[in-house]
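**Student:** Next comes work-v1.cif, mmCIF, C-alpha atoms and all ligand atoms:
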data_work
#
loop_
_atom_site.group_PDB
_atom_site.id
_atom_site.type_symbol
_atom_site.label_atom_id
_atom_site.label_comp_id
_atom_site.auth_asym_id
_atom_site.auth_seq_id
_atom_site.Cartn_x
_atom_site.Cartn_y
_atom_site.Cartn_z
ATOM 1 C CA MET A 1 81.356 93.836 120.774
ATOM 2 C CA ILE A 2 77.938 95.099 121.784
ATOM 3 C CA ILE A 3 76.953 98.256 119.916
ATOM 4 C CA CYS A 4 74.540 100.564 121.724
ATOM 5 C CA LYS A 5 72.909 103.510 119.997
ATOM 6 C CA THR A 6 70.338 104.511 122.585
ATOM 7 C CA ILE A 7 70.368 105.027 126.332
ATOM 8 C CA GLU A 8 67.961 102.098 126.753
ATOM 9 C CA GLU A 9 70.345 99.795 124.865
ATOM 10 C CA LEU A 10 73.279 101.064 126.915
ATOM 11 C CA ASN A 11 71.427 100.579 130.225
ATOM 12 C CA GLN A 12 70.378 97.071 129.251
ATOM 13 C CA CYS A 13 73.905 96.159 128.193
ATOM 14 C CA LEU A 14 75.542 97.599 131.318
ATOM 15 C CA SER A 15 73.050 96.040 133.715
ATOM 16 C CA SER A 16 73.904 92.633 132.242
ATOM 17 C CA GLN A 17 77.540 93.339 133.198
ATOM 18 C CA ALA A 18 76.814 94.374 136.804
ATOM 19 C CA GLY A 19 79.652 93.809 139.246
ATOM 20 C CA LYS A 20 82.373 94.161 136.617
ATOM 21 C CA ARG A 21 84.866 97.027 136.777
ATOM 22 C CA LYS A 22 84.199 99.393 133.881
ATOM 23 C CA GLY A 23 86.738 101.428 131.954
ATOM 24 C CA PHE A 24 85.492 104.249 129.743
ATOM 25 C CA VAL A 25 87.216 105.811 126.732
ATOM 26 C CA PRO A 26 85.337 108.782 125.251
ATOM 27 C CA THR A 27 86.254 109.623 121.643
ATOM 28 C CA MET A 28 84.991 111.529 118.647
ATOM 29 C CA GLY A 29 85.880 108.653 116.318
ATOM 30 C CA ALA A 30 88.147 108.576 113.246
ATOM 31 C CA LEU A 31 90.127 106.266 115.488
ATOM 32 C CA HIS A 32 93.912 105.999 115.482
ATOM 33 C CA GLN A 33 96.610 104.425 117.606
ATOM 34 C CA GLY A 34 96.319 107.207 120.220
ATOM 35 C CA HIS A 35 92.701 106.216 120.924
ATOM 36 C CA LEU A 36 93.649 102.534 120.920
ATOM 37 C CA SER A 37 96.369 103.115 123.514
ATOM 38 C CA LEU A 38 93.616 104.355 125.845
ATOM 39 C CA LEU A 39 91.508 101.274 125.108
ATOM 40 C CA GLN A 40 94.508 98.989 125.695
ATOM 41 C CA ARG A 41 95.150 100.602 129.069
ATOM 42 C CA SER A 42 91.488 100.288 129.991
ATOM 43 C CA LYS A 43 91.467 96.617 129.009
ATOM 44 C CA LYS A 44 94.507 96.011 131.186
ATOM 45 C CA GLU A 45 93.052 97.739 134.256
ATOM 46 C CA THR A 46 89.321 96.907 134.164
ATOM 47 C CA ASP A 47 86.934 94.045 133.311
ATOM 48 C CA ILE A 48 84.965 95.655 130.487
ATOM 49 C CA SER A 49 85.800 98.645 128.344
ATOM 50 C CA VAL A 50 83.192 101.031 126.985
ATOM 51 C CA VAL A 51 84.285 103.256 124.107
ATOM 52 C CA SER A 52 82.028 106.091 122.985
ATOM 53 C CA ILE A 53 82.076 107.692 119.562
ATOM 54 C CA PHE A 54 80.262 110.993 119.425
ATOM 55 C CA VAL A 55 81.240 114.127 117.558
ATOM 56 C CA ASN A 56 79.983 116.557 120.163
ATOM 57 C CA PRO A 57 78.581 119.725 118.540
ATOM 58 C CA ALA A 58 78.645 121.567 121.889
ATOM 59 C CA GLN A 59 82.446 121.633 121.968
ATOM 60 C CA PHE A 60 82.958 122.993 118.454
ATOM 61 C CA THR A 61 83.384 126.731 118.216
ATOM 62 C CA ASN A 62 83.424 126.839 114.429
ATOM 63 C CA SER A 63 80.718 125.299 112.234
ATOM 64 C CA ASP A 64 83.142 124.461 109.385
ATOM 65 C CA ASP A 65 85.369 122.612 111.842
ATOM 66 C CA LEU A 66 82.363 120.496 112.899
ATOM 67 C CA LYS A 67 81.288 119.911 109.286
ATOM 68 C CA ASN A 68 84.800 118.907 108.182
ATOM 69 C CA TYR A 69 85.666 116.802 111.233
ATOM 70 C CA PRO A 70 86.571 113.298 109.928
ATOM 71 C CA LYS A 71 83.791 110.752 110.465
ATOM 72 C CA THR A 72 84.538 107.086 109.732
ATOM 73 C CA PRO A 73 82.078 105.053 111.855
ATOM 74 C CA GLY A 74 82.185 101.895 109.687
ATOM 75 C CA ILE A 75 85.982 101.666 109.894
ATOM 76 C CA ASP A 76 85.955 102.575 113.600
ATOM 77 C CA ILE A 77 83.594 99.694 114.412
ATOM 78 C CA LYS A 78 85.897 97.216 112.648
ATOM 79 C CA ILE A 79 88.961 98.614 114.461
ATOM 80 C CA LEU A 80 87.252 98.348 117.853
ATOM 81 C CA GLU A 81 86.119 94.796 117.148
ATOM 82 C CA LYS A 82 89.654 93.852 116.150
ATOM 83 C CA HIS A 83 90.934 95.294 119.442
ATOM 84 C CA PHE A 84 88.355 93.403 121.516
ATOM 85 C CA CYS A 85 86.423 96.401 122.766
ATOM 86 C CA GLU A 86 83.480 95.027 124.743
ATOM 87 C CA VAL A 87 80.957 97.873 124.377
ATOM 88 C CA LEU A 88 80.643 100.696 121.865
ATOM 89 C CA PHE A 89 78.241 103.532 122.635
ATOM 90 C CA ILE A 90 77.573 105.467 119.438
ATOM 91 C CA PRO A 91 74.593 107.738 120.061
ATOM 92 C CA SER A 92 73.027 110.356 117.795
ATOM 93 C CA GLU A 93 72.829 114.025 118.707
ATOM 94 C CA SER A 94 69.145 113.713 119.668
ATOM 95 C CA VAL A 95 70.003 110.891 122.089
ATOM 96 C CA MET A 96 72.654 112.969 123.850
ATOM 97 C CA TYR A 97 70.858 116.317 123.649
ATOM 98 C CA PRO A 98 67.109 115.588 123.680
ATOM 99 C CA VAL A 99 66.709 119.084 125.140
ATOM 100 C CA PRO A 100 69.243 121.927 125.095
ATOM 101 C CA ASP A 101 71.870 121.563 127.811
ATOM 102 C CA ASN A 102 72.170 124.988 129.415
ATOM 103 C CA ARG A 103 74.389 123.997 132.326
ATOM 104 C CA THR A 104 77.546 125.951 133.008
ATOM 105 C CA PHE A 105 80.497 124.540 134.875
ATOM 106 C CA ASN A 106 82.791 126.570 137.048
ATOM 107 C CA PHE A 107 86.400 125.656 136.420
ATOM 108 C CA GLY A 108 87.743 128.743 138.151
ATOM 109 C CA GLY A 109 89.085 130.174 134.908
ATOM 110 C CA PHE A 110 90.944 127.011 133.814
ATOM 111 C CA ASP A 111 88.664 126.915 130.821
ATOM 112 C CA ASN A 112 89.373 130.456 129.618
ATOM 113 C CA ILE A 113 93.126 130.230 129.105
ATOM 114 C CA LEU A 114 95.226 128.439 126.454
ATOM 115 C CA GLU A 115 92.743 126.498 124.281
ATOM 116 C CA GLY A 116 89.805 128.186 126.003
ATOM 117 C CA ARG A 117 91.098 131.601 125.022
ATOM 118 C CA PHE A 118 91.083 130.710 121.339
ATOM 119 C CA ARG A 119 88.046 128.413 121.486
ATOM 120 C CA PRO A 120 85.688 130.135 123.950
ATOM 121 C CA GLY A 121 83.052 127.734 125.268
ATOM 122 C CA HIS A 122 84.954 124.658 124.079
ATOM 123 C CA PHE A 123 85.540 123.200 127.538
ATOM 124 C CA GLN A 124 81.979 123.955 128.655
ATOM 125 C CA GLY A 125 80.908 121.751 125.727
ATOM 126 C CA VAL A 126 83.416 119.066 126.699
ATOM 127 C CA ALA A 127 82.184 119.120 130.309
ATOM 128 C CA LYS A 128 78.540 118.844 129.181
ATOM 129 C CA ILE A 129 79.097 115.687 127.164
ATOM 130 C CA VAL A 130 81.610 114.030 129.494
ATOM 131 C CA SER A 131 79.352 114.610 132.499
ATOM 132 C CA LYS A 132 76.436 113.044 130.592
ATOM 133 C CA PHE A 133 78.580 110.024 129.677
ATOM 134 C CA PHE A 134 79.907 109.675 133.226
ATOM 135 C CA GLY A 135 76.345 109.786 134.594
ATOM 136 C CA LEU A 136 75.116 107.129 132.152
ATOM 137 C CA ILE A 137 78.085 104.768 132.142
ATOM 138 C CA LYS A 138 79.269 105.225 135.761
ATOM 139 C CA PRO A 139 82.747 103.931 134.954
ATOM 140 C CA ASP A 140 85.292 103.038 137.630
ATOM 141 C CA LYS A 141 88.051 104.516 135.509
ATOM 142 C CA ALA A 142 88.017 106.921 132.559
ATOM 143 C CA TYR A 143 90.934 107.347 130.187
ATOM 144 C CA PHE A 144 92.053 110.622 128.614
ATOM 145 C CA GLY A 145 95.040 111.493 126.456
ATOM 146 C CA LEU A 146 97.692 113.849 127.808
ATOM 147 C CA LYS A 147 97.892 115.233 124.269
ATOM 148 C CA ASP A 148 94.860 117.298 125.288
ATOM 149 C CA TYR A 149 96.515 118.317 128.535
ATOM 150 C CA GLN A 150 94.130 121.117 129.450
ATOM 151 C CA GLN A 151 91.161 118.831 128.812
ATOM 152 C CA TYR A 152 92.695 116.233 131.140
ATOM 153 C CA ILE A 153 93.111 118.840 133.919
ATOM 154 C CA ILE A 154 89.558 120.115 133.426
ATOM 155 C CA ILE A 155 88.090 116.600 133.502
ATOM 156 C CA LYS A 156 89.985 115.953 136.737
ATOM 157 C CA GLU A 157 88.314 119.084 138.165
ATOM 158 C CA LEU A 158 84.919 117.888 136.927
ATOM 159 C CA ALA A 159 85.464 114.523 138.615
ATOM 160 C CA LYS A 160 86.625 116.205 141.827
ATOM 161 C CA ASP A 161 83.381 118.226 141.951
ATOM 162 C CA TYR A 162 80.812 115.732 140.677
ATOM 163 C CA PHE A 163 82.208 112.232 140.081
ATOM 164 C CA GLN A 164 84.472 111.388 143.009
ATOM 165 C CA ASN A 165 84.129 107.642 142.336
ATOM 166 C CA ILE A 166 85.689 107.856 138.893
ATOM 167 C CA ASP A 167 89.427 107.549 138.587
ATOM 168 C CA ILE A 168 90.682 109.836 135.797
ATOM 169 C CA ILE A 169 93.705 108.330 134.080
ATOM 170 C CA GLY A 170 96.003 110.399 131.841
ATOM 171 C CA CYS A 171 97.717 108.429 129.063
ATOM 172 C CA PRO A 172 100.896 109.410 127.182
ATOM 173 C CA THR A 173 100.730 110.963 123.727
ATOM 174 C CA VAL A 174 101.179 108.519 120.842
ATOM 175 C CA ARG A 175 103.144 110.005 117.946
ATOM 176 C CA GLU A 176 103.756 109.394 114.270
ATOM 177 C CA ASP A 177 107.316 108.447 113.238
ATOM 178 C CA ASN A 178 108.125 112.109 112.586
ATOM 179 C CA GLY A 179 106.973 113.114 116.082
ATOM 180 C CA LEU A 180 103.580 114.555 115.088
ATOM 181 C CA ALA A 181 101.031 113.791 117.815
ATOM 182 C CA MET A 182 98.407 111.453 116.371
ATOM 183 C CA SER A 183 95.061 113.152 115.915
ATOM 184 C CA SER A 184 91.904 112.560 113.916
ATOM 185 C CA ARG A 185 92.498 115.983 112.389
ATOM 186 C CA ASN A 186 95.785 114.742 110.887
ATOM 187 C CA LYS A 187 93.595 113.049 108.249
ATOM 188 C CA LEU A 188 92.782 116.551 106.986
ATOM 189 C CA LEU A 189 96.438 117.525 106.473
ATOM 190 C CA ALA A 190 97.892 117.882 102.987
ATOM 191 C CA SER A 191 100.575 115.193 102.622
ATOM 192 C CA GLU A 192 103.355 117.791 102.482
ATOM 193 C CA ASP A 193 102.096 119.364 105.712
ATOM 194 C CA PHE A 194 101.849 115.936 107.354
ATOM 195 C CA ASN A 195 105.469 115.242 106.404
ATOM 196 C CA ASN A 196 106.638 118.623 107.679
ATOM 197 C CA ALA A 197 104.588 118.563 110.875
ATOM 198 C CA GLY A 198 107.432 116.940 112.809
ATOM 199 C CA VAL A 199 108.678 120.519 113.208
ATOM 200 C CA ILE A 200 106.233 120.971 116.116
ATOM 201 C CA TYR A 201 107.478 118.188 118.373
ATOM 202 C CA ARG A 202 111.105 118.771 117.369
ATOM 203 C CA ASN A 203 110.784 122.295 118.686
ATOM 204 C CA LEU A 204 108.972 121.222 121.847
ATOM 205 C CA CYS A 205 111.954 118.949 122.513
ATOM 206 C CA LYS A 206 114.266 121.878 121.830
ATOM 207 C CA ALA A 207 112.306 123.991 124.348
ATOM 208 C CA SER A 208 112.805 121.225 126.867
ATOM 209 C CA GLN A 209 116.578 121.229 126.270
ATOM 210 C CA LEU A 210 116.864 125.025 126.556
ATOM 211 C CA ILE A 211 114.743 125.534 129.638
ATOM 212 C CA ASN A 212 117.577 125.560 132.157
ATOM 213 C CA SER A 213 119.736 127.988 130.228
ATOM 214 C CA VAL A 214 117.461 130.381 128.287
ATOM 215 C CA GLN A 215 114.640 132.720 129.407
ATOM 216 C CA LEU A 216 111.142 131.413 128.669
ATOM 217 C CA ASP A 217 110.217 134.407 126.484
ATOM 218 C CA LYS A 218 113.266 133.799 124.331
ATOM 219 C CA ILE A 219 112.463 130.096 124.018
ATOM 220 C CA LYS A 220 108.901 130.943 122.990
ATOM 221 C CA ALA A 221 110.158 133.364 120.350
ATOM 222 C CA LEU A 222 112.724 130.883 119.043
ATOM 223 C CA VAL A 223 110.265 127.982 118.830
ATOM 224 C CA SER A 224 107.660 130.205 117.141
ATOM 225 C CA SER A 225 110.088 131.491 114.555
ATOM 226 C CA GLU A 226 111.352 127.975 113.723
ATOM 227 C CA ILE A 227 107.819 126.667 113.263
ATOM 228 C CA ASN A 228 106.605 129.761 111.402
ATOM 229 C CA ALA A 229 109.549 129.329 109.015
ATOM 230 C CA GLU A 230 108.057 126.019 107.837
ATOM 231 C CA LYS A 231 105.846 126.540 104.776
ATOM 232 C CA ASN A 232 102.109 126.672 105.736
ATOM 233 C CA PHE A 233 102.795 126.528 109.508
ATOM 234 C CA THR A 234 101.733 129.309 111.921
ATOM 235 C CA VAL A 235 101.944 129.223 115.698
ATOM 236 C CA GLU A 236 98.736 130.418 117.357
ATOM 237 C CA TYR A 237 100.084 130.310 120.901
ATOM 238 C CA ILE A 238 102.892 128.802 122.903
ATOM 239 C CA GLU A 239 102.911 128.926 126.706
ATOM 240 C CA PHE A 240 104.711 127.357 129.617
ATOM 241 C CA VAL A 241 102.273 126.388 132.349
ATOM 242 C CA ASN A 242 102.265 124.960 135.845
ATOM 243 C CA ASN A 243 101.410 121.256 135.496
ATOM 244 C CA ASP A 244 98.777 121.251 138.211
ATOM 245 C CA ASN A 245 96.933 124.539 137.947
ATOM 246 C CA LEU A 246 97.781 125.524 134.348
ATOM 247 C CA ASN A 247 98.960 128.949 135.522
ATOM 248 C CA ILE A 248 101.017 130.569 132.813
ATOM 249 C CA ILE A 249 104.655 130.832 133.888
ATOM 250 C CA SER A 250 106.922 133.602 132.666
ATOM 251 C CA THR A 251 109.929 132.765 134.837
ATOM 252 C CA ILE A 252 110.893 129.464 136.372
ATOM 253 C CA THR A 253 110.997 129.797 140.162
ATOM 254 C CA CYS A 254 110.371 126.738 142.302
ATOM 255 C CA GLU A 255 108.577 124.473 139.801
ATOM 256 C CA LYS A 256 109.768 120.871 139.539
ATOM 257 C CA SER A 257 108.161 120.394 136.168
ATOM 258 C CA VAL A 258 106.229 122.515 133.689
ATOM 259 C CA THR A 259 104.263 121.808 130.531
ATOM 260 C CA CYS A 260 104.889 123.667 127.310
ATOM 261 C CA CYS A 261 101.590 123.861 125.372
ATOM 262 C CA ILE A 262 101.327 124.873 121.747
ATOM 263 C CA ALA A 263 98.687 125.343 119.047
ATOM 264 C CA VAL A 264 99.738 125.545 115.421
ATOM 265 C CA TYR A 265 97.892 125.967 112.153
ATOM 266 C CA ALA A 266 99.147 123.772 109.313
ATOM 267 C CA GLY A 267 97.244 125.340 106.446
ATOM 268 C CA LYS A 268 93.671 125.382 107.771
ATOM 269 C CA VAL A 269 94.171 122.452 110.127
ATOM 270 C CA ARG A 270 94.627 123.329 113.780
ATOM 271 C CA LEU A 271 97.010 121.082 115.702
ATOM 272 C CA ILE A 272 97.772 121.075 119.426
ATOM 273 C CA ASP A 273 100.610 119.444 121.289
ATOM 274 C CA ASN A 274 102.556 119.748 124.520
ATOM 275 C CA ILE A 275 105.584 118.440 126.332
ATOM 276 C CA GLN A 276 106.090 117.953 130.039
ATOM 277 C CA ILE A 277 109.492 119.242 131.086
ATOM 278 C CA PHE A 278 111.187 118.083 134.292
ATOM 279 C CA LEU A 279 113.533 120.668 135.796
HETATM 280 P P1 LIG B 301 89.266 112.778 120.401
HETATM 281 O O1 LIG B 301 88.627 111.693 119.609
HETATM 282 O O2 LIG B 301 90.263 113.579 119.631
HETATM 283 O O3 LIG B 301 88.283 113.610 121.167
HETATM 284 O O4 LIG B 301 90.157 112.039 121.500
HETATM 285 C C1 LIG B 301 89.606 111.097 122.377
HETATM 286 C C2 LIG B 301 90.608 110.799 123.456
HETATM 287 O O5 LIG B 301 91.799 110.290 122.864
HETATM 288 C C3 LIG B 301 91.018 112.066 124.243
HETATM 289 O O6 LIG B 301 91.176 111.725 125.614
HETATM 290 C C4 LIG B 301 92.338 112.424 123.617
HETATM 291 O O7 LIG B 301 93.182 113.144 124.477
HETATM 292 C C5 LIG B 301 92.912 111.045 123.316
HETATM 293 N N1 LIG B 301 93.932 111.136 122.268
HETATM 294 C C6 LIG B 301 93.812 111.755 121.071
HETATM 295 N N2 LIG B 301 94.983 111.699 120.390
HETATM 296 C C7 LIG B 301 95.857 111.036 121.194
HETATM 297 C C8 LIG B 301 97.232 110.655 121.071
HETATM 298 N N3 LIG B 301 97.943 110.967 119.990
HETATM 299 N N4 LIG B 301 97.805 109.982 122.081
HETATM 300 C C9 LIG B 301 97.092 109.668 123.202
HETATM 301 N N5 LIG B 301 95.798 109.990 123.377
HETATM 302 C C10 LIG B 301 95.186 110.676 122.389
#
Written as structure tokens, how would this file's structure read?
Ligand code: AMP
**Tutor:**
Amino acid sequence: MIICKTIEELNQCLSSQAGKRKGFVPTMGALHQGHLSLLQRSKKETDISVVSIFVNPAQFTNSDDLKNYPKTPGIDIKILEKHFCEVLFIPSESVMYPVPDNRTFNFGGFDNILEGRFRPGHFQGVAKIVSKFFGLIKPDKAYFGLKDYQQYIIIKELAKDYFQNIDIIGCPTVREDNGLAMSSRNKLLASEDFNNAGVIYRNLCKASQLINSVQLDKIKALVSSEINAEKNFTVEYIEFVNNDNLNIISTITCEKSVTCCIAVYAGKVRLIDNIQIFL
């Protein structure tokens, strides 16, 4: 695996691979099986895979969250080597933001609902870093987890506007045995909370079962009360949205499928998850 820390190193490495199809997997490190599923898909579909590890300050809306975010670069490098990643780009903040990035992206309001409502500016920060990576790496395909469903939709918009040559691939959520969506933030959970966190996905599955027979408001209330009944767990939001445009749905009309998105605090750790429901 070639490890690049600067843009010069990255350019040199990529120019030596000219003509090969590139897959790109952006991450913030503290790697787990969810990240590796993206790498595996990239390895299957392209000639060389570039993984980035960068904890992007621009997308954090809370300085403690940034400070506490798990950082395990030494372990991550070993994991990527073991999984035959070809290129790791692991830049510093000054490499990615040599000057302040004051761009704003217009996502037509996509970025102000759901996660964006509770983390204002988050998706602007995501778009800043992903657009920089896309411009530098020029991948043929880029891989994103459907666990961060809103992010996936927003990146598809970004690609539609600015990076039409990049195929954005959404990959299924990888879960722990108890159903908890894998996440770097899970490392911050108390062990009791980790064990109990299956309550989130269990209730998303319940929402999916009830959707044809119970009103959405009632499902939201039921799911919230079940999760809130678990010690240390508090639902921040739960919404049913249109899969394509993320519009919040209060009554099912002609949709073929919807996504139920949820954010939950387990103690101080914020977890997000979703389930796609076919009607
Ligand atoms: P992160 O390091 O959390 O920014 O995630 C990097 C990429 O991995 C994003 O595209 C995430 O959506 C994806 N990802 C994170 N967790 C999972 C998971 N449990 N299953 C599939 N993809 C994931």
**Student:** Expanded to explicit residues, what is the PyMOL selection byres (((not hetatm)) within 7 of (chain B and resi 301)) for this file, as an mmCIF file with C-alpha atoms, in the frame of the given file?
**Tutor:**
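Contents of the output file result-v3.cif:
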data_model
loop_
_atom_site.group_PDB
_atom_site.id
_atom_site.type_symbol
_atom_site.label_atom_id
_atom_site.label_comp_id
_atom_site.auth_asym_id
_atom_site.auth_seq_id
_atom_site.Cartn_x
_atom_site.Cartn_y
_atom_site.Cartn_z
ATOM 1 C CA VAL A 25 87.216 105.811 126.732
ATOM 2 C CA PRO A 26 85.337 108.782 125.251
ATOM 3 C CA THR A 27 86.254 109.623 121.643
ATOM 4 C CA MET A 28 84.991 111.529 118.647
ATOM 5 C CA GLY A 29 85.880 108.653 116.318
ATOM 6 C CA LEU A 31 90.127 106.266 115.488
ATOM 7 C CA GLY A 34 96.319 107.207 120.220
ATOM 8 C CA HIS A 35 92.701 106.216 120.924
ATOM 9 C CA SER A 37 96.369 103.115 123.514
ATOM 10 C CA LEU A 38 93.616 104.355 125.845
ATOM 11 C CA TYR A 143 90.934 107.347 130.187
ATOM 12 C CA PHE A 144 92.053 110.622 128.614
ATOM 13 C CA GLY A 145 95.040 111.493 126.456
ATOM 14 C CA LEU A 146 97.692 113.849 127.808
ATOM 15 C CA LYS A 147 97.892 115.233 124.269
ATOM 16 C CA ASP A 148 94.860 117.298 125.288
ATOM 17 C CA CYS A 171 97.717 108.429 129.063
ATOM 18 C CA PRO A 172 100.896 109.410 127.182
ATOM 19 C CA THR A 173 100.730 110.963 123.727
ATOM 20 C CA VAL A 174 101.179 108.519 120.842
ATOM 21 C CA ARG A 175 103.144 110.005 117.946
ATOM 22 C CA ALA A 181 101.031 113.791 117.815
ATOM 23 C CA MET A 182 98.407 111.453 116.371
ATOM 24 C CA SER A 183 95.061 113.152 115.915
ATOM 25 C CA SER A 184 91.904 112.560 113.916
#
**Student:** For this structure, which residues satisfy the selection - the PyMOL selection byres (((chain A and resi 116) around 12) and not hetatm) - when it is evaluated on the file as given? I want them as a ChimeraX atom specification.
**Tutor:** /A:59-61,107,109-115,117-126,150-151,154,237,246,263
**Student:** With a distance cut-off of 12 Å and all atoms listed in the file, select the neighbouring residues of Gln12 of chain A, excluding the residue or stretch itself and same-chain residues fewer than 6 positions from it, and output the selection as number ranges by chain.
**Tutor:** A: 2-6, 18, 87, 136-137
**Student:** Which of these residues is nearest to Gln209 of chain A, using all atoms listed in the file: A:Leu66, A:Met96, A:Ile275, A:Ile262?
**Tutor:**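 Nearest to Gln209 of chain A: A:Ile275.
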**Student:** What gap, in Å, lies between atom CA of Lys231 of chain A and atom CA of Val199 of chain A?
**Tutor:** 10.7 Å
**Student:** Under the rule that all atoms listed in the file are counted, which of A:Val241, A:Ile200, A:Leu10, A:Val269 is the nearest residue to Leu180 of chain A?
**Tutor:**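 Answer, going by the shortest atom-to-atom distance: A:Ile200.
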**Student:** Would you place a box with edges along x, y and z of the file around all atoms of segment 229-241 of chain A listed there, add 6 Å to each of its six sides, and report the centre and edge lengths in Å to one decimal, as lines of an AutoDock Vina configuration file?
**Tutor:**
center_x = 104.1
center_y = 128.2
center_z = 118.6
size_x = 22.8
size_y = 16.4
size_z = 39.6
**Student:** For a test of reading the model, state the distance in Å between atom CA of Gly135 of chain A and atom CA of Leu158 of chain A, rounded to one decimal.
**Tutor:**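 Computing it gives 12.0 Å between the two atoms.
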**Student:** Residues proximal to (93.7, 96.7, 136.8) were defined as those with any atom within 12 Å of that point in the file's coordinates, counting all atoms listed in the file. Which are they, as a list in words?
**Tutor:**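 Final list of nearby residues, as requested, is Lys20, Arg21, Lys22, Gly23, Gln40, Arg41, Ser42, Lys43, Lys44, Glu45, Thr46, Asp47, Ile48, Ser49, Asp140, Lys141, Asp167 and Ile169 of chain A.
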**Student:** Complete the atoms of segment 53-68 of chain A to N, CA and C atoms and put them out as an mmCIF file, keeping the file's coordinate frame.
**Tutor:**
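Final output, out03.cif:
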data_model
loop_
_atom_site.group_PDB
_atom_site.id
_atom_site.type_symbol
_atom_site.label_atom_id
_atom_site.label_comp_id
_atom_site.auth_asym_id
_atom_site.auth_seq_id
_atom_site.Cartn_x
_atom_site.Cartn_y
_atom_site.Cartn_z
ATOM 1 N N ILE A 53 81.750 106.881 120.746
ATOM 2 C CA ILE A 53 82.076 107.692 119.562
ATOM 3 C C ILE A 53 80.943 108.690 119.408
ATOM 4 N N PHE A 54 81.279 109.945 119.569
ATOM 5 C CA PHE A 54 80.262 110.993 119.425
ATOM 6 C C PHE A 54 80.971 112.295 119.096
ATOM 7 N N VAL A 55 80.669 112.834 117.929
ATOM 8 C CA VAL A 55 81.240 114.127 117.558
ATOM 9 C C VAL A 55 80.325 115.175 118.189
ATOM 10 N N ASN A 56 80.814 115.748 119.267
ATOM 11 C CA ASN A 56 79.983 116.557 120.163
ATOM 12 C C ASN A 56 79.861 117.999 119.662
ATOM 13 N N PRO A 57 78.694 118.373 119.100
ATOM 14 C CA PRO A 57 78.581 119.725 118.540
ATOM 15 C C PRO A 57 78.864 120.812 119.580
ATOM 16 N N ALA A 58 78.534 120.530 120.857
ATOM 17 C CA ALA A 58 78.645 121.567 121.889
ATOM 18 C C ALA A 58 80.088 122.028 122.119
ATOM 19 N N GLN A 59 81.061 121.226 121.695
ATOM 20 C CA GLN A 59 82.446 121.633 121.968
ATOM 21 C C GLN A 59 83.133 122.252 120.757
ATOM 22 N N PHE A 60 82.385 122.352 119.648
ATOM 23 C CA PHE A 60 82.958 122.993 118.454
ATOM 24 C C PHE A 60 82.619 124.472 118.485
ATOM 25 N N THR A 61 83.617 125.284 118.177
ATOM 26 C CA THR A 61 83.384 126.731 118.216
ATOM 27 C C THR A 61 83.360 127.297 116.799
ATOM 28 N N ASN A 62 83.378 126.392 115.808
ATOM 29 C CA ASN A 62 83.424 126.839 114.429
ATOM 30 C C ASN A 62 82.645 125.804 113.609
ATOM 31 N N SER A 63 81.608 126.267 112.889
ATOM 32 C CA SER A 63 80.718 125.299 112.234
ATOM 33 C C SER A 63 81.423 124.542 111.111
ATOM 34 N N ASP A 64 82.395 125.175 110.435
ATOM 35 C CA ASP A 64 83.142 124.461 109.385
ATOM 36 C C ASP A 64 83.977 123.338 109.984
ATOM 37 N N ASP A 65 84.551 123.620 111.157
ATOM 38 C CA ASP A 65 85.369 122.612 111.842
ATOM 39 C C ASP A 65 84.509 121.375 112.127
ATOM 40 N N LEU A 66 83.283 121.606 112.605
ATOM 41 C CA LEU A 66 82.363 120.496 112.899
ATOM 42 C C LEU A 66 81.997 119.755 111.607
ATOM 43 N N LYS A 67 81.702 120.526 110.565
ATOM 44 C CA LYS A 67 81.288 119.911 109.286
ATOM 45 C C LYS A 67 82.433 119.065 108.698
ATOM 46 N N ASN A 68 83.661 119.584 108.810
ATOM 47 C CA ASN A 68 84.800 118.907 108.182
ATOM 48 C C ASN A 68 85.446 117.839 109.060
#
